[in-house]
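Asker: Below is coords_24.pdb; it holds PDB, C-alpha atoms.
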ATOM      1  CA  MET A   1     -37.874 215.521  -3.891  1.00  0.00           C
ATOM      2  CA  ALA A   2     -38.348 219.046  -2.643  1.00  0.00           C
ATOM      3  CA  PHE A   3     -40.087 221.829  -4.494  1.00  0.00           C
ATOM      4  CA  TRP A   4     -41.303 225.349  -4.152  1.00  0.00           C
ATOM      5  CA  HIS A   5     -43.241 227.549  -6.516  1.00  0.00           C
ATOM      6  CA  ARG A   6     -42.093 231.135  -6.474  1.00  0.00           C
ATOM      7  CA  LYS A   7     -45.209 233.259  -6.638  1.00  0.00           C
ATOM      8  CA  ASN A   8     -43.549 236.101  -4.727  1.00  0.00           C
ATOM      9  CA  ARG A   9     -40.882 237.090  -7.214  1.00  0.00           C
ATOM     10  CA  GLY A  10     -39.825 240.029  -5.070  1.00  0.00           C
ATOM     11  CA  ARG A  11     -38.386 237.792  -2.388  1.00  0.00           C
ATOM     12  CA  GLY A  12     -34.625 237.545  -2.848  1.00  0.00           C
ATOM     13  CA  ALA A  13     -34.600 240.137  -5.635  1.00  0.00           C
ATOM     14  CA  GLY A  14     -31.143 241.664  -5.939  1.00  0.00           C
ATOM     15  CA  GLU A  15     -29.547 239.153  -3.559  1.00  0.00           C
ATOM     16  CA  LYS A  16     -26.464 237.363  -4.747  1.00  0.00           C
ATOM     17  CA  PRO A  17     -25.821 233.703  -3.974  1.00  0.00           C
ATOM     18  CA  ASP A  18     -23.014 232.755  -1.619  1.00  0.00           C
ATOM     19  CA  PRO A  19     -20.187 231.556  -3.906  1.00  0.00           C
ATOM     20  CA  ALA A  20     -19.050 229.120  -1.201  1.00  0.00           C
ATOM     21  CA  ARG A  21     -22.386 227.238  -1.190  1.00  0.00           C
ATOM     22  CA  LEU A  22     -23.275 226.898  -4.844  1.00  0.00           C
ATOM     23  CA  PRO A  23     -24.742 223.654  -6.199  1.00  0.00           C
ATOM     24  CA  ARG A  24     -22.371 221.466  -8.188  1.00  0.00           C
ATOM     25  CA  HIS A  25     -25.025 220.630 -10.762  1.00  0.00           C
ATOM     26  CA  VAL A  26     -27.955 222.749 -11.947  1.00  0.00           C
ATOM     27  CA  ALA A  27     -30.546 221.272 -14.319  1.00  0.00           C
ATOM     28  CA  ILE A  28     -33.053 223.416 -16.215  1.00  0.00           C
ATOM     29  CA  ILE A  29     -36.209 222.617 -18.181  1.00  0.00           C
ATOM     30  CA  MET A  30     -36.091 225.347 -20.826  1.00  0.00           C
ATOM     31  CA  ASP A  31     -39.824 225.974 -21.074  1.00  0.00           C
ATOM     32  CA  GLY A  32     -41.982 228.850 -22.276  1.00  0.00           C
ATOM     33  CA  ASN A  33     -40.474 229.781 -25.655  1.00  0.00           C
ATOM     34  CA  GLY A  34     -43.750 229.390 -27.530  1.00  0.00           C
ATOM     35  CA  ARG A  35     -45.790 231.373 -25.018  1.00  0.00           C
ATOM     36  CA  TRP A  36     -43.132 234.102 -24.961  1.00  0.00           C
ATOM     37  CA  ALA A  37     -43.471 234.466 -28.742  1.00  0.00           C
ATOM     38  CA  LYS A  38     -47.273 234.348 -28.682  1.00  0.00           C
ATOM     39  CA  LYS A  39     -47.440 237.172 -26.123  1.00  0.00           C
ATOM     40  CA  ARG A  40     -45.486 239.295 -28.598  1.00  0.00           C
ATOM     41  CA  GLY A  41     -47.436 238.296 -31.700  1.00  0.00           C
ATOM     42  CA  LEU A  42     -44.444 236.383 -33.060  1.00  0.00           C
ATOM     43  CA  PRO A  43     -44.179 232.869 -34.492  1.00  0.00           C
ATOM     44  CA  ARG A  44     -43.141 230.115 -32.084  1.00  0.00           C
ATOM     45  CA  THR A  45     -39.861 229.805 -33.957  1.00  0.00           C
ATOM     46  CA  ALA A  46     -38.935 233.324 -32.789  1.00  0.00           C
ATOM     47  CA  GLY A  47     -39.407 232.146 -29.213  1.00  0.00           C
ATOM     48  CA  HIS A  48     -36.981 229.285 -29.745  1.00  0.00           C
ATOM     49  CA  ALA A  49     -34.405 231.677 -31.186  1.00  0.00           C
ATOM     50  CA  ALA A  50     -34.751 233.922 -28.123  1.00  0.00           C
ATOM     51  CA  GLY A  51     -34.554 230.870 -25.865  1.00  0.00           C
ATOM     52  CA  ALA A  52     -31.319 229.779 -27.540  1.00  0.00           C
ATOM     53  CA  GLU A  53     -29.752 233.135 -26.666  1.00  0.00           C
ATOM     54  CA  THR A  54     -30.882 232.724 -23.060  1.00  0.00           C
ATOM     55  CA  PHE A  55     -29.290 229.279 -22.986  1.00  0.00           C
ATOM     56  CA  ARG A  56     -25.976 230.731 -24.130  1.00  0.00           C
ATOM     57  CA  THR A  57     -26.165 233.494 -21.506  1.00  0.00           C
ATOM     58  CA  ILE A  58     -26.998 231.123 -18.655  1.00  0.00           C
ATOM     59  CA  ALA A  59     -24.302 228.623 -19.659  1.00  0.00           C
ATOM     60  CA  TYR A  60     -21.612 231.300 -19.505  1.00  0.00           C
ATOM     61  CA  TYR A  61     -23.035 232.709 -16.280  1.00  0.00           C
ATOM     62  CA  CYS A  62     -22.926 229.279 -14.606  1.00  0.00           C
ATOM     63  CA  ARG A  63     -19.331 228.876 -15.759  1.00  0.00           C
ATOM     64  CA  ASP A  64     -18.378 232.281 -14.376  1.00  0.00           C
ATOM     65  CA  LEU A  65     -20.090 231.559 -11.045  1.00  0.00           C
ATOM     66  CA  GLY A  66     -18.104 228.340 -10.734  1.00  0.00           C
ATOM     67  CA  ILE A  67     -20.945 225.820 -11.138  1.00  0.00           C
ATOM     68  CA  PRO A  68     -19.280 222.750 -12.700  1.00  0.00           C
ATOM     69  CA  TYR A  69     -22.311 221.177 -14.402  1.00  0.00           C
ATOM     70  CA  LEU A  70     -25.345 222.563 -16.219  1.00  0.00           C
ATOM     71  CA  THR A  71     -27.899 220.219 -17.802  1.00  0.00           C
ATOM     72  CA  VAL A  72     -30.648 221.577 -20.056  1.00  0.00           C
ATOM     73  CA  TYR A  73     -33.734 219.933 -21.522  1.00  0.00           C
ATOM     74  CA  ALA A  74     -33.489 220.928 -25.174  1.00  0.00           C
ATOM     75  CA  PHE A  75     -35.706 218.421 -27.000  1.00  0.00           C
ATOM     76  CA  SER A  76     -37.745 215.567 -25.562  1.00  0.00           C
ATOM     77  CA  THR A  77     -38.767 212.247 -27.082  1.00  0.00           C
ATOM     78  CA  GLU A  78     -42.296 213.709 -27.272  1.00  0.00           C
ATOM     79  CA  ASN A  79     -41.282 216.924 -29.061  1.00  0.00           C
ATOM     80  CA  TRP A  80     -41.272 215.190 -32.458  1.00  0.00           C
ATOM     81  CA  LYS A  81     -45.069 215.658 -32.348  1.00  0.00           C
ATOM     82  CA  ARG A  82     -44.640 219.406 -32.847  1.00  0.00           C
ATOM     83  CA  PRO A  83     -45.050 221.064 -36.261  1.00  0.00           C
ATOM     84  CA  ALA A  84     -42.268 220.193 -38.697  1.00  0.00           C
ATOM     85  CA  GLU A  85     -41.223 223.847 -39.062  1.00  0.00           C
ATOM     86  CA  GLU A  86     -40.777 224.195 -35.299  1.00  0.00           C
ATOM     87  CA  VAL A  87     -38.756 220.971 -35.038  1.00  0.00           C
ATOM     88  CA  SER A  88     -36.578 222.089 -37.959  1.00  0.00           C
ATOM     89  CA  THR A  89     -35.944 225.452 -36.277  1.00  0.00           C
ATOM     90  CA  ILE A  90     -34.865 223.779 -33.034  1.00  0.00           C
ATOM     91  CA  MET A  91     -32.471 221.492 -34.916  1.00  0.00           C
ATOM     92  CA  ASP A  92     -31.036 224.431 -36.889  1.00  0.00           C
ATOM     93  CA  LEU A  93     -30.477 226.420 -33.698  1.00  0.00           C
ATOM     94  CA  LEU A  94     -28.725 223.458 -32.135  1.00  0.00           C
ATOM     95  CA  ARG A  95     -26.505 223.083 -35.188  1.00  0.00           C
ATOM     96  CA  LYS A  96     -25.617 226.794 -35.003  1.00  0.00           C
ATOM     97  CA  TYR A  97     -24.764 226.489 -31.308  1.00  0.00           C
ATOM     98  CA  LEU A  98     -22.588 223.420 -31.859  1.00  0.00           C
ATOM     99  CA  LEU A  99     -20.621 225.025 -34.661  1.00  0.00           C
ATOM    100  CA  GLU A 100     -19.977 228.012 -32.417  1.00  0.00           C
ATOM    101  CA  ALA A 101     -19.076 225.771 -29.463  1.00  0.00           C
ATOM    102  CA  LEU A 102     -16.572 223.798 -31.529  1.00  0.00           C
ATOM    103  CA  GLU A 103     -14.702 227.009 -32.293  1.00  0.00           C
ATOM    104  CA  LYS A 104     -14.739 228.355 -28.725  1.00  0.00           C
ATOM    105  CA  MET A 105     -14.689 225.273 -26.485  1.00  0.00           C
ATOM    106  CA  GLU A 106     -10.980 225.288 -25.698  1.00  0.00           C
ATOM    107  CA  LYS A 107     -10.754 229.066 -25.242  1.00  0.00           C
ATOM    108  CA  ASP A 108     -13.915 229.284 -23.127  1.00  0.00           C
ATOM    109  CA  GLY A 109     -13.158 226.227 -20.978  1.00  0.00           C
ATOM    110  CA  PHE A 110     -16.275 224.208 -21.880  1.00  0.00           C
ATOM    111  CA  ARG A 111     -17.070 220.552 -22.348  1.00  0.00           C
ATOM    112  CA  ILE A 112     -20.342 219.298 -23.804  1.00  0.00           C
ATOM    113  CA  ARG A 113     -22.198 216.002 -23.520  1.00  0.00           C
ATOM    114  CA  PHE A 114     -25.508 214.784 -24.885  1.00  0.00           C
ATOM    115  CA  PHE A 115     -28.086 212.724 -23.023  1.00  0.00           C
ATOM    116  CA  GLY A 116     -30.743 210.888 -24.996  1.00  0.00           C
ATOM    117  CA  ASP A 117     -31.055 208.674 -28.057  1.00  0.00           C
ATOM    118  CA  LEU A 118     -29.238 210.501 -30.867  1.00  0.00           C
ATOM    119  CA  GLU A 119     -29.991 207.825 -33.471  1.00  0.00           C
ATOM    120  CA  PRO A 120     -33.214 209.427 -34.847  1.00  0.00           C
ATOM    121  CA  LEU A 121     -31.485 212.795 -35.436  1.00  0.00           C
ATOM    122  CA  PRO A 122     -30.533 213.910 -38.946  1.00  0.00           C
ATOM    123  CA  PRO A 123     -27.183 212.196 -39.690  1.00  0.00           C
ATOM    124  CA  ALA A 124     -25.240 215.448 -40.127  1.00  0.00           C
ATOM    125  CA  LEU A 125     -26.480 216.796 -36.781  1.00  0.00           C
ATOM    126  CA  ARG A 126     -25.779 213.490 -35.043  1.00  0.00           C
ATOM    127  CA  GLU A 127     -22.205 213.546 -36.323  1.00  0.00           C
ATOM    128  CA  LEU A 128     -21.835 217.141 -35.160  1.00  0.00           C
ATOM    129  CA  CYS A 129     -23.005 216.151 -31.664  1.00  0.00           C
ATOM    130  CA  LEU A 130     -20.449 213.344 -31.515  1.00  0.00           C
ATOM    131  CA  GLU A 131     -17.719 215.670 -32.773  1.00  0.00           C
ATOM    132  CA  ALA A 132     -18.596 218.223 -30.086  1.00  0.00           C
ATOM    133  CA  GLU A 133     -18.413 215.546 -27.374  1.00  0.00           C
ATOM    134  CA  GLN A 134     -15.072 214.299 -28.666  1.00  0.00           C
ATOM    135  CA  THR A 135     -13.636 217.807 -28.910  1.00  0.00           C
ATOM    136  CA  GLY A 136     -14.867 218.658 -25.423  1.00  0.00           C
ATOM    137  CA  SER A 137     -13.287 215.546 -23.939  1.00  0.00           C
ATOM    138  CA  GLN A 138      -9.908 216.879 -25.060  1.00  0.00           C
ATOM    139  CA  VAL A 139     -10.306 220.276 -23.370  1.00  0.00           C
ATOM    140  CA  THR A 140      -7.761 219.913 -20.592  1.00  0.00           C
ATOM    141  CA  ALA A 141      -8.592 223.092 -18.685  1.00  0.00           C
ATOM    142  CA  ALA A 142     -12.401 222.780 -18.778  1.00  0.00           C
ATOM    143  CA  ARG A 143     -14.117 224.743 -16.017  1.00  0.00           C
ATOM    144  CA  HIS A 144     -17.680 223.856 -16.927  1.00  0.00           C
ATOM    145  CA  GLN A 145     -19.634 221.060 -18.577  1.00  0.00           C
ATOM    146  CA  VAL A 146     -22.899 221.592 -20.413  1.00  0.00           C
ATOM    147  CA  ASN A 147     -25.104 218.530 -20.809  1.00  0.00           C
ATOM    148  CA  VAL A 148     -27.792 218.807 -23.467  1.00  0.00           C
ATOM    149  CA  CYS A 149     -30.792 216.473 -23.244  1.00  0.00           C
ATOM    150  CA  LEU A 150     -31.642 215.855 -26.889  1.00  0.00           C
ATOM    151  CA  ASN A 151     -34.326 213.393 -27.984  1.00  0.00           C
ATOM    152  CA  TYR A 152     -34.362 212.607 -24.282  1.00  0.00           C
ATOM    153  CA  GLY A 153     -37.035 211.091 -22.070  1.00  0.00           C
ATOM    154  CA  GLY A 154     -36.413 209.889 -18.535  1.00  0.00           C
ATOM    155  CA  ARG A 155     -38.397 206.692 -18.937  1.00  0.00           C
ATOM    156  CA  ASP A 156     -36.704 205.991 -22.256  1.00  0.00           C
ATOM    157  CA  GLU A 157     -33.308 206.476 -20.591  1.00  0.00           C
ATOM    158  CA  ILE A 158     -34.160 204.004 -17.834  1.00  0.00           C
ATOM    159  CA  LEU A 159     -35.424 201.441 -20.364  1.00  0.00           C
ATOM    160  CA  ARG A 160     -32.261 201.770 -22.447  1.00  0.00           C
ATOM    161  CA  ALA A 161     -30.159 201.375 -19.298  1.00  0.00           C
ATOM    162  CA  ALA A 162     -32.159 198.297 -18.222  1.00  0.00           C
ATOM    163  CA  ARG A 163     -31.656 196.685 -21.634  1.00  0.00           C
ATOM    164  CA  ALA A 164     -27.919 197.381 -21.524  1.00  0.00           C
ATOM    165  CA  TRP A 165     -27.634 195.960 -18.010  1.00  0.00           C
ATOM    166  CA  ALA A 166     -29.657 192.858 -18.982  1.00  0.00           C
ATOM    167  CA  GLN A 167     -27.364 192.287 -21.951  1.00  0.00           C
ATOM    168  CA  ALA A 168     -24.354 192.595 -19.642  1.00  0.00           C
ATOM    169  CA  CYS A 169     -25.919 189.939 -17.418  1.00  0.00           C
ATOM    170  CA  GLN A 170     -26.379 187.640 -20.425  1.00  0.00           C
ATOM    171  CA  THR A 171     -22.703 187.936 -21.322  1.00  0.00           C
ATOM    172  CA  GLY A 172     -21.598 187.376 -17.724  1.00  0.00           C
ATOM    173  CA  ARG A 173     -20.244 190.904 -17.147  1.00  0.00           C
ATOM    174  CA  GLU A 174     -22.942 191.620 -14.565  1.00  0.00           C
ATOM    175  CA  SER A 175     -24.872 189.548 -12.050  1.00  0.00           C
ATOM    176  CA  PRO A 176     -28.487 190.215 -10.968  1.00  0.00           C
ATOM    177  CA  GLU A 177     -27.512 189.501  -7.355  1.00  0.00           C
ATOM    178  CA  GLU A 178     -24.988 192.328  -7.419  1.00  0.00           C
ATOM    179  CA  LEU A 179     -27.288 195.030  -8.822  1.00  0.00           C
ATOM    180  CA  THR A 180     -27.238 198.230  -6.769  1.00  0.00           C
ATOM    181  CA  GLU A 181     -28.279 201.811  -7.478  1.00  0.00           C
ATOM    182  CA  ALA A 182     -24.633 202.683  -8.093  1.00  0.00           C
ATOM    183  CA  VAL A 183     -24.188 199.830 -10.570  1.00  0.00           C
ATOM    184  CA  PHE A 184     -27.368 200.715 -12.452  1.00  0.00           C
ATOM    185  CA  SER A 185     -26.389 204.393 -12.579  1.00  0.00           C
ATOM    186  CA  HIS A 186     -23.385 203.442 -14.694  1.00  0.00           C
ATOM    187  CA  TYR A 187     -25.797 202.421 -17.467  1.00  0.00           C
ATOM    188  CA  LEU A 188     -27.638 205.751 -17.503  1.00  0.00           C
ATOM    189  CA  ASP A 189     -26.797 208.582 -19.902  1.00  0.00           C
ATOM    190  CA  THR A 190     -25.498 210.590 -16.927  1.00  0.00           C
ATOM    191  CA  ALA A 191     -22.849 208.039 -15.906  1.00  0.00           C
ATOM    192  CA  GLY A 192     -19.908 209.729 -14.244  1.00  0.00           C
ATOM    193  CA  ILE A 193     -21.777 212.978 -13.520  1.00  0.00           C
ATOM    194  CA  PRO A 194     -23.146 213.939 -10.078  1.00  0.00           C
ATOM    195  CA  ASP A 195     -26.917 214.045  -9.733  1.00  0.00           C
ATOM    196  CA  PRO A 196     -28.462 217.520 -10.030  1.00  0.00           C
ATOM    197  CA  ASP A 197     -28.673 219.454  -6.785  1.00  0.00           C
ATOM    198  CA  LEU A 198     -31.174 221.963  -8.172  1.00  0.00           C
ATOM    199  CA  VAL A 199     -33.798 221.511 -10.895  1.00  0.00           C
ATOM    200  CA  ILE A 200     -35.304 224.719 -12.275  1.00  0.00           C
ATOM    201  CA  ARG A 201     -38.454 224.982 -14.373  1.00  0.00           C
ATOM    202  CA  PRO A 202     -39.477 228.377 -15.740  1.00  0.00           C
ATOM    203  CA  SER A 203     -42.896 229.145 -17.296  1.00  0.00           C
ATOM    204  CA  GLY A 204     -45.189 228.326 -14.364  1.00  0.00           C
ATOM    205  CA  GLU A 205     -45.621 224.604 -15.016  1.00  0.00           C
ATOM    206  CA  LEU A 206     -45.348 222.366 -11.941  1.00  0.00           C
ATOM    207  CA  ARG A 207     -44.060 219.064 -13.312  1.00  0.00           C
ATOM    208  CA  LEU A 208     -40.850 217.377 -14.414  1.00  0.00           C
ATOM    209  CA  SER A 209     -42.133 216.296 -17.841  1.00  0.00           C
ATOM    210  CA  ASN A 210     -39.984 213.144 -17.927  1.00  0.00           C
ATOM    211  CA  PHE A 211     -36.777 215.059 -17.124  1.00  0.00           C
ATOM    212  CA  LEU A 212     -34.091 213.176 -15.176  1.00  0.00           C
ATOM    213  CA  PRO A 213     -36.532 211.260 -12.913  1.00  0.00           C
ATOM    214  CA  TRP A 214     -33.877 208.867 -11.551  1.00  0.00           C
ATOM    215  CA  GLN A 215     -31.248 211.554 -11.021  1.00  0.00           C
ATOM    216  CA  SER A 216     -33.629 214.079  -9.432  1.00  0.00           C
ATOM    217  CA  ALA A 217     -34.746 211.837  -6.566  1.00  0.00           C
ATOM    218  CA  TYR A 218     -33.153 214.143  -3.978  1.00  0.00           C
ATOM    219  CA  ALA A 219     -32.866 217.354  -5.974  1.00  0.00           C
ATOM    220  CA  GLU A 220     -34.301 220.646  -4.810  1.00  0.00           C
ATOM    221  CA  PHE A 221     -36.945 222.041  -7.182  1.00  0.00           C
ATOM    222  CA  TYR A 222     -37.488 225.676  -8.082  1.00  0.00           C
ATOM    223  CA  PHE A 223     -40.474 226.769 -10.177  1.00  0.00           C
ATOM    224  CA  THR A 224     -41.016 230.274 -11.503  1.00  0.00           C
ATOM    225  CA  ASP A 225     -43.606 231.940 -13.741  1.00  0.00           C
ATOM    226  CA  THR A 226     -40.841 233.640 -15.749  1.00  0.00           C
ATOM    227  CA  LEU A 227     -40.755 232.336 -19.332  1.00  0.00           C
ATOM    228  CA  TRP A 228     -37.453 230.877 -20.444  1.00  0.00           C
ATOM    229  CA  PRO A 229     -36.431 233.667 -22.889  1.00  0.00           C
ATOM    230  CA  ASP A 230     -36.750 236.118 -19.965  1.00  0.00           C
ATOM    231  CA  PHE A 231     -34.779 233.923 -17.560  1.00  0.00           C
ATOM    232  CA  GLY A 232     -31.536 235.865 -17.246  1.00  0.00           C
ATOM    233  CA  PRO A 233     -28.746 235.843 -14.647  1.00  0.00           C
ATOM    234  CA  ALA A 234     -30.871 237.773 -12.133  1.00  0.00           C
ATOM    235  CA  GLU A 235     -33.521 235.027 -12.243  1.00  0.00           C
ATOM    236  CA  LEU A 236     -30.868 232.360 -11.770  1.00  0.00           C
ATOM    237  CA  ASP A 237     -29.530 234.300  -8.782  1.00  0.00           C
ATOM    238  CA  LYS A 238     -33.017 234.157  -7.215  1.00  0.00           C
ATOM    239  CA  ALA A 239     -33.126 230.386  -7.686  1.00  0.00           C
ATOM    240  CA  LEU A 240     -29.645 229.939  -6.217  1.00  0.00           C
ATOM    241  CA  VAL A 241     -30.396 232.166  -3.220  1.00  0.00           C
ATOM    242  CA  ASP A 242     -33.566 230.187  -2.544  1.00  0.00           C
ATOM    243  CA  TYR A 243     -31.623 226.913  -2.872  1.00  0.00           C
ATOM    244  CA  GLN A 244     -29.115 228.136  -0.304  1.00  0.00           C
ATOM    245  CA  ARG A 245     -31.905 228.840   2.196  1.00  0.00           C
ATOM    246  CA  ARG A 246     -32.940 225.194   2.248  1.00  0.00           C
ATOM    247  CA  GLN A 247     -31.714 222.359   4.432  1.00  0.00           C
ATOM    248  CA  ARG A 248     -30.953 219.202   2.444  1.00  0.00           C
ATOM    249  CA  ARG A 249     -31.381 216.186   4.718  1.00  0.00           C
ATOM    250  CA  PHE A 250     -31.605 213.376   2.111  1.00  0.00           C
ATOM    251  CA  GLY A 251     -34.155 211.533   4.225  1.00  0.00           C
ATOM    252  CA  GLY A 252     -32.335 212.129   7.514  1.00  0.00           C
ATOM    253  CA  VAL A 253     -33.021 214.568  10.348  1.00  0.00           C
TER     254      VAL A 253
END
Rewrite the structure from the file as structure tokens, please.
Answerer:
Amino acid sequence: MAFWHRKNRGRGAGEKPDPARLPRHVAIIMDGNGRWAKKRGLPRTAGHAAGAETFRTIAYYCRDLGIPYLTVYAFSTENWKRPAEEVSTIMDLLRKYLLEALEKMEKDGFRIRFFGDLEPLPPALRELCLEAEQTGSQVTAARHQVNVCLNYGGRDEILRAARAWAQACQTGRESPEELTEAVFSHYLDTAGIPDPDLVIRPSGELRLSNFLPWQSAYAEFYFTDTLWPDFGPAELDKALVDYQRRQRRFGGV
């Protein structure tokens, strides 16, 4: 894993990333909504609403740049501990986004997938998630895929994958002697999707918070003090320019 904390925000300001060297997969921990709202004397729910608009902006910007995959951390397995009103707001915003996405997916060239355990979600929202995935799978000219981590935790994902693989061994479909990283990856939520090249965390925190730990083993990390609602295309450009300055050796020389 490689990481860098951008304290000098001026570096790279105004630079545009080289379109020939963009990452295939960008993953973002959407953090800082609550602090953004608090700084403005607003309820935390207002921060989540602003963050949802930023998510929409960044998703379209990634599509227009030509980045095939964007994965966002929307709601973790630990986020259920938050106040009920805040959780309800997040779920309502997600429902609003999905209804909009279902109408525009074909026209806008999007697909959507969900990573995480959807079972604890309200039944209507769970069905909407599945409908969005199914609709997206039928978009023939998709230029971009958005993956939403919902009720997601990296350790939980690995445990669910291990249970599924163990069950496959019991039924004779898998053999312990033939287990490899590639085989195990097929049991993860991200099966069939390339690992993230770049993981971005706004808000100044310097940790992954249980986000894609298996998949991020060789990702480049970019940390910024900018709070998520303020993370617009110019901030993403800074992250991409910094990514393109690095040499990815994957353990080699």
Asker: Run through the PyMOL selection byres ((chain A and resi 26) around 9) on the given coordinates and return the selected residues as a PyMOL selection string.
Answerer: chain A and resi 23-25+27-28+62+67-72+196-200
Asker: Any chance you could work out the residue set of the PyMOL selection byres ((chain A and resi 122) around 12) here, as a PDB file with C-alpha atoms, in the coordinates of the input?
Answerer:
ATOM      1  CA  VAL A  87     -38.756 220.971 -35.038  1.00  0.00           C
ATOM      2  CA  SER A  88     -36.578 222.089 -37.959  1.00  0.00           C
ATOM      3  CA  MET A  91     -32.471 221.492 -34.916  1.00  0.00           C
ATOM      4  CA  ASP A  92     -31.036 224.431 -36.889  1.00  0.00           C
ATOM      5  CA  LEU A  94     -28.725 223.458 -32.135  1.00  0.00           C
ATOM      6  CA  ARG A  95     -26.505 223.083 -35.188  1.00  0.00           C
ATOM      7  CA  LEU A 118     -29.238 210.501 -30.867  1.00  0.00           C
ATOM      8  CA  GLU A 119     -29.991 207.825 -33.471  1.00  0.00           C
ATOM      9  CA  PRO A 120     -33.214 209.427 -34.847  1.00  0.00           C
ATOM     10  CA  LEU A 121     -31.485 212.795 -35.436  1.00  0.00           C
ATOM     11  CA  PRO A 123     -27.183 212.196 -39.690  1.00  0.00           C
ATOM     12  CA  ALA A 124     -25.240 215.448 -40.127  1.00  0.00           C
ATOM     13  CA  LEU A 125     -26.480 216.796 -36.781  1.00  0.00           C
ATOM     14  CA  ARG A 126     -25.779 213.490 -35.043  1.00  0.00           C
ATOM     15  CA  GLU A 127     -22.205 213.546 -36.323  1.00  0.00           C
ATOM     16  CA  LEU A 128     -21.835 217.141 -35.160  1.00  0.00           C
ATOM     17  CA  CYS A 129     -23.005 216.151 -31.664  1.00  0.00           C
ATOM     18  CA  ASN A 151     -34.326 213.393 -27.984  1.00  0.00           C
TER      19      ASN A 151
END
Asker: Pick from A:Glu174, A:Asp242, A:Asp156, A:Glu103: nearest to Leu22 of chain A, with all atoms listed in the file counted?
Answerer: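 The answer is A:Asp242, which sits nearest to Leu22 of chain A.
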Asker: So, counting only C-alpha atoms, which residue among A:Leu227, A:Val148, A:Phe115, A:Ile193 is closest to Lys39 of chain A?
Answerer: A:Leu227
Asker: Of the candidates A:Tyr243, A:Tyr187, A:Tyr97, A:Trp228, which shows the shortest atom-to-atom distance to Ile58 of chain A, using all atoms listed in the file?
Answerer: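 The closest residue to Ile58 of chain A is A:Trp228.
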Asker: Can you tell me how far atom CA of Gly51 of chain A sits from atom CA of Gly32 of chain A, in Å to one decimal?
Answerer: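 Interatomic distance, atom CA of Gly51 of chain A to atom CA of Gly32 of chain A: 8.5 Å.
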Asker: How would you write, as number ranges by chain, the residues chosen by the PyMOL selection byres ((chain A and resi 80) around 12) on this structure?
Answerer: A: 75-79, 81-88, 90-91, 120-121, 150-153
Asker: So which one's closest to Pro233 of chain A, A:Asp195, A:Asp18, A:Asp64, A:Asp189? Using all atoms listed in the file, please.
Answerer: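 Nearest candidate to Pro233 of chain A out of A:Asp195, A:Asp18, A:Asp64, A:Asp189: A:Asp64.
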Asker: Give as a PDB file with C-alpha atoms, keeping the file's coordinate frame every residue, naming chains and numbers as the document does, that has an atom within 9 Å of (-21.8, 218.6, -25.4), counting only C-alpha atoms.
Answerer:
ATOM      1  CA  LEU A  98     -22.588 223.420 -31.859  1.00  0.00           C
ATOM      2  CA  ALA A 101     -19.076 225.771 -29.463  1.00  0.00           C
ATOM      3  CA  PHE A 110     -16.275 224.208 -21.880  1.00  0.00           C
ATOM      4  CA  ARG A 111     -17.070 220.552 -22.348  1.00  0.00           C
ATOM      5  CA  ILE A 112     -20.342 219.298 -23.804  1.00  0.00           C
ATOM      6  CA  ARG A 113     -22.198 216.002 -23.520  1.00  0.00           C
ATOM      7  CA  PHE A 114     -25.508 214.784 -24.885  1.00  0.00           C
ATOM      8  CA  PHE A 115     -28.086 212.724 -23.023  1.00  0.00           C
ATOM      9  CA  CYS A 129     -23.005 216.151 -31.664  1.00  0.00           C
ATOM     10  CA  LEU A 130     -20.449 213.344 -31.515  1.00  0.00           C
ATOM     11  CA  GLU A 131     -17.719 215.670 -32.773  1.00  0.00           C
ATOM     12  CA  ALA A 132     -18.596 218.223 -30.086  1.00  0.00           C
ATOM     13  CA  GLU A 133     -18.413 215.546 -27.374  1.00  0.00           C
ATOM     14  CA  GLN A 134     -15.072 214.299 -28.666  1.00  0.00           C
ATOM     15  CA  THR A 135     -13.636 217.807 -28.910  1.00  0.00           C
ATOM     16  CA  GLY A 136     -14.867 218.658 -25.423  1.00  0.00           C
ATOM     17  CA  GLN A 145     -19.634 221.060 -18.577  1.00  0.00           C
ATOM     18  CA  VAL A 146     -22.899 221.592 -20.413  1.00  0.00           C
ATOM     19  CA  ASN A 147     -25.104 218.530 -20.809  1.00  0.00           C
ATOM     20  CA  VAL A 148     -27.792 218.807 -23.467  1.00  0.00           C
TER      21      VAL A 148
END
Asker: Could you work out how far atom CA of Arg163 of chain A lies from atom CA of Gln215 of chain A, giving the answer in Å with one decimal?
Answerer: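 Value for the atom CA of Gln215 of chain A-atom CA of Arg163 of chain A distance: 18.3 Å.
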Asker: In terms of the shortest atom-to-atom distance over only C-alpha atoms, which of A:Gly154, A:Pro176, A:Gly34, A:Pro19 is closest to Gly47 of chain A?
Answerer: A:Gly34
Asker: Tell me, as a ChimeraX atom specification, which residues lie within 12 Å of Lys16 of chain A, counting only C-alpha atoms; anything in the same chain fewer than 6 positions away does not count.
Answerer: /A:22,65,233-244
Asker: Would you mind telling me which residue in A:Arg207, A:Arg35, A:Arg44, A:Arg201 lies nearest to Tyr73 of chain A when using all atoms listed in the file?
Answerer: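 Smallest distance to Tyr73 of chain A is found for A:Arg201.
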Asker: How far is it from atom CA of Ala74 of chain A to atom CA of Met30 of chain A, in Å with one decimal?
Answerer: 6.7 Å
Asker: Would you compute the box with edges along x, y and z of the file around segment 117-122 of chain A, including every atom the file lists for it and 3 Å extra on each side, and give its centre and edge lengths in Å to one decimal, as lines of an AutoDock Vina configuration file?
Answerer:
center_x = -31.2
center_y = 210.9
center_z = -33.5
size_x = 10.0
size_y = 12.1
size_z = 16.9
Asker: Just the residues within 10 Å of Ala46 of chain A, please, counting all atoms listed in the file, with nothing from its chain fewer than 2 positions along; format it as a ChimeraX atom specification.
Answerer: /A:33-34,36-38,40-44,48-52,86,89
